[in-house]
Each structure stands twice: as structure tokens, then as C-alpha cells.
Amino acid sequence: MDPNDDVLFLSLRPEYAELLLGGQKTVELRRIRPRAPIGTVVLLYASSPQRELVGACTVAAIGQATPDQIWKLHGSKTGICRTDFRTYFNGTSQAVAITVTNPRRFDHPISLPRLRSEWINFQPPQSFRYVSYLDALRLLDGQAPLLQQADVMR
């Protein structure tokens with residue numbers, strides 16, 4: 001990765017973070033498309049009650065289409081049932097599917113208090129945000145090779 005690249009910081013429910021890290025889920029769903037080219041590192045933040053940065057993965061592709069089209073293409077890889085899918089995309093005509101690869105679980109998850117001590121006024125995003133690659137490297141200390149593994153995917 002180039003030090004000027006951004007890292008995608010995703011908030012998701014702990015059960016979905018676990019499915020991604022375990023490889024059973026390979027597509028993360030969003031209502032808004034992030035600007036993240038193939039090869040972008042994705043940091044996975046497990047929301048309440050866990051509230052920790054738990055791992056990373058790499059963007060393999062991002063698709064945008066109607067919810068029905070996204071379900072037909074990716075439903076079995078999303079980790080959710082059709083009813084929950086419909087509820088999530090209710091009221092929108094577009095759905096985003098972020099296909100990820102190379103999931104890596106952090107040996108030492110990073111707690112919300114530590115995130116806040118590293119980044120003044122840090123608030124976990126509702127959906128996603130961007131952080132600089134250099135900030136992510138600094139935060140991950142000895143776990144930095146987990147970010148650098150994404151270069152293999154390019």
C-alpha cells in the first residue's frame with residue numbers, strides 16, 4: 001500500500017465481524033458506496049457490546065445494484081437471511097455489496113477507550129469512515145504486518 005492511501009474503517013455488529021473473520025461471510029452490505037478501490041485495507045470494528053477493533057480484510061470488489069440484484073448475486077455470502085436483508089434495504093433503490101478477502105484477526109483487539117486515546121474525539125462511525133494508512137499503522141503497532149499483507153492481494 002502507498003502511505004497516502006486511505007484505509008476503510010467499517011463498523012459492524014460483533015456477529016458479522018466474527019463471520020467475516022471466520023471466512024463464512026465474504027460480502028458486507030451497505031446502503032452507501034464507499035470510495036475504496038480493489039486492494040483497500042478494511043479495518044473491522046465490532047460495535048456494542050464488544051466495542052473493539054478486531055481485525056482487517058481487503059476489498060476484492062464493490063458492486064452496486066438494486067437490492068434484488070445484489071441478493072441474487074451475493075445473498076448466500078452476506079451472513080444474513082432474506083428477511084433481514086429486505087429490512088435493511090427497505091426504502092432504498094440501491095444496495096452496495098463489498099466483497100472482501102484475506103480476513104485477518106488481530107492478536108490483540110483494540111478497545112474503544114484505546115481508540116479514543118489515540119484519536120482525539122474519536123467516535124466509531126455508524127457505517128464507515130476513512131483513516132489514513134499511516135494512522136492505521138501507528139495504531140496497530142506490532143500488528144502492522146496485518147495491514148501490509150493487503151499488498152499481496154493487488
# chains A, B, ... in the order shown; residues from 1 in each chain; ligands from 1
>>> residues_around(residues="A:Thr40", least_positions_apart="5", cutoff="8 Å", atoms="only C-alpha atoms", output="short mmCIF file (atom, residue, chain, number, x, y, z; two decimals) with C-alpha atoms, in the first residue's frame")
data_model
loop_
_atom_site.label_atom_id
_atom_site.label_comp_id
_atom_site.auth_asym_id
_atom_site.auth_seq_id
_atom_site.Cartn_x
_atom_site.Cartn_y
_atom_site.Cartn_z
CA ASP A 6 -6.85 5.63 2.94
CA VAL A 7 -7.98 2.64 4.96
CA LEU A 8 -11.70 1.89 5.17
CA THR A 58 -9.07 -6.44 1.88
CA VAL A 59 -11.56 -5.10 -0.67
CA ALA A 150 -3.06 -6.46 1.68
#
>>> atom_distance(atom1="atom CA of A:Pro124", atom2="atom CA of A:Val41")
17.2 Å
>>> residues_around(residues="stretch 125-131 of chain A", least_positions_apart="4", cutoff="8 Å", atoms="only C-alpha atoms", output="ChimeraX atom specification")
/A:6-12,30,34,135-136
>>> write_last_selection(atoms="C-alpha atoms", output="compact mmCIF listing (two decimals), in the first residue's frame")
# COMPACT_ATOMS: atom_id res chain seq x y z
CA ASP A 6 -6.85 5.63 2.94
CA VAL A 7 -7.98 2.64 4.96
CA LEU A 8 -11.70 1.89 5.17
CA PHE A 9 -12.89 1.67 8.78
CA LEU A 10 -16.15 -0.33 8.98
CA SER A 11 -18.44 -0.60 11.98
CA LEU A 12 -20.48 -3.77 12.14
CA ARG A 30 -24.04 -1.08 2.86
CA PRO A 34 -17.55 3.78 -0.05
CA ASP A 135 -2.61 6.46 11.31
CA ALA A 136 -3.71 2.85 10.99
>>> residues_around(residues="stretch 110-114 of chain A", least_positions_apart="3", cutoff="7 Å", atoms="only C-alpha atoms", output="ChimeraX atom specification")
/A:51-54,117-118
>>> atom_distance(atom1="atom CA of A:Gly91", atom2="atom CA of A:Ile70")
15.2 Å
>>> closest_residue(among="A:Arg33, A:Ile62, A:Arg138, A:Phe122", to="A:Gln94", atoms="only C-alpha atoms")
A:Arg33
>>> closest_residue(among="A:Thr26, A:Gln50, A:Thr101, A:Asn90", to="A:Gly75", atoms="only C-alpha atoms")
A:Thr26
>>> atom_distance(atom1="atom CA of A:Ala56", atom2="atom CA of A:Ile98")
13.6 Å
>>> closest_residue(among="A:Ile80, A:Cys57, A:Leu43, A:Leu73", to="A:Glu15", atoms="only C-alpha atoms")
A:Ile80
>>> closest_residue(among="A:Leu29, A:Ala95, A:Leu134, A:Leu139", to="A:Gln69", atoms="only C-alpha atoms")
A:Ala95
>>> select_by_dssp(residues="stretch 18-141 of chain A", states="strand (DSSP E)", output="ChimeraX atom specification")
/A:27-30,41-46,52-65,95-111,128-132
>>> closest_residue(among="A:Thr87, A:Ala65, A:Val100, A:Thr92", to="A:Ala17", atoms="only C-alpha atoms")
A:Val100
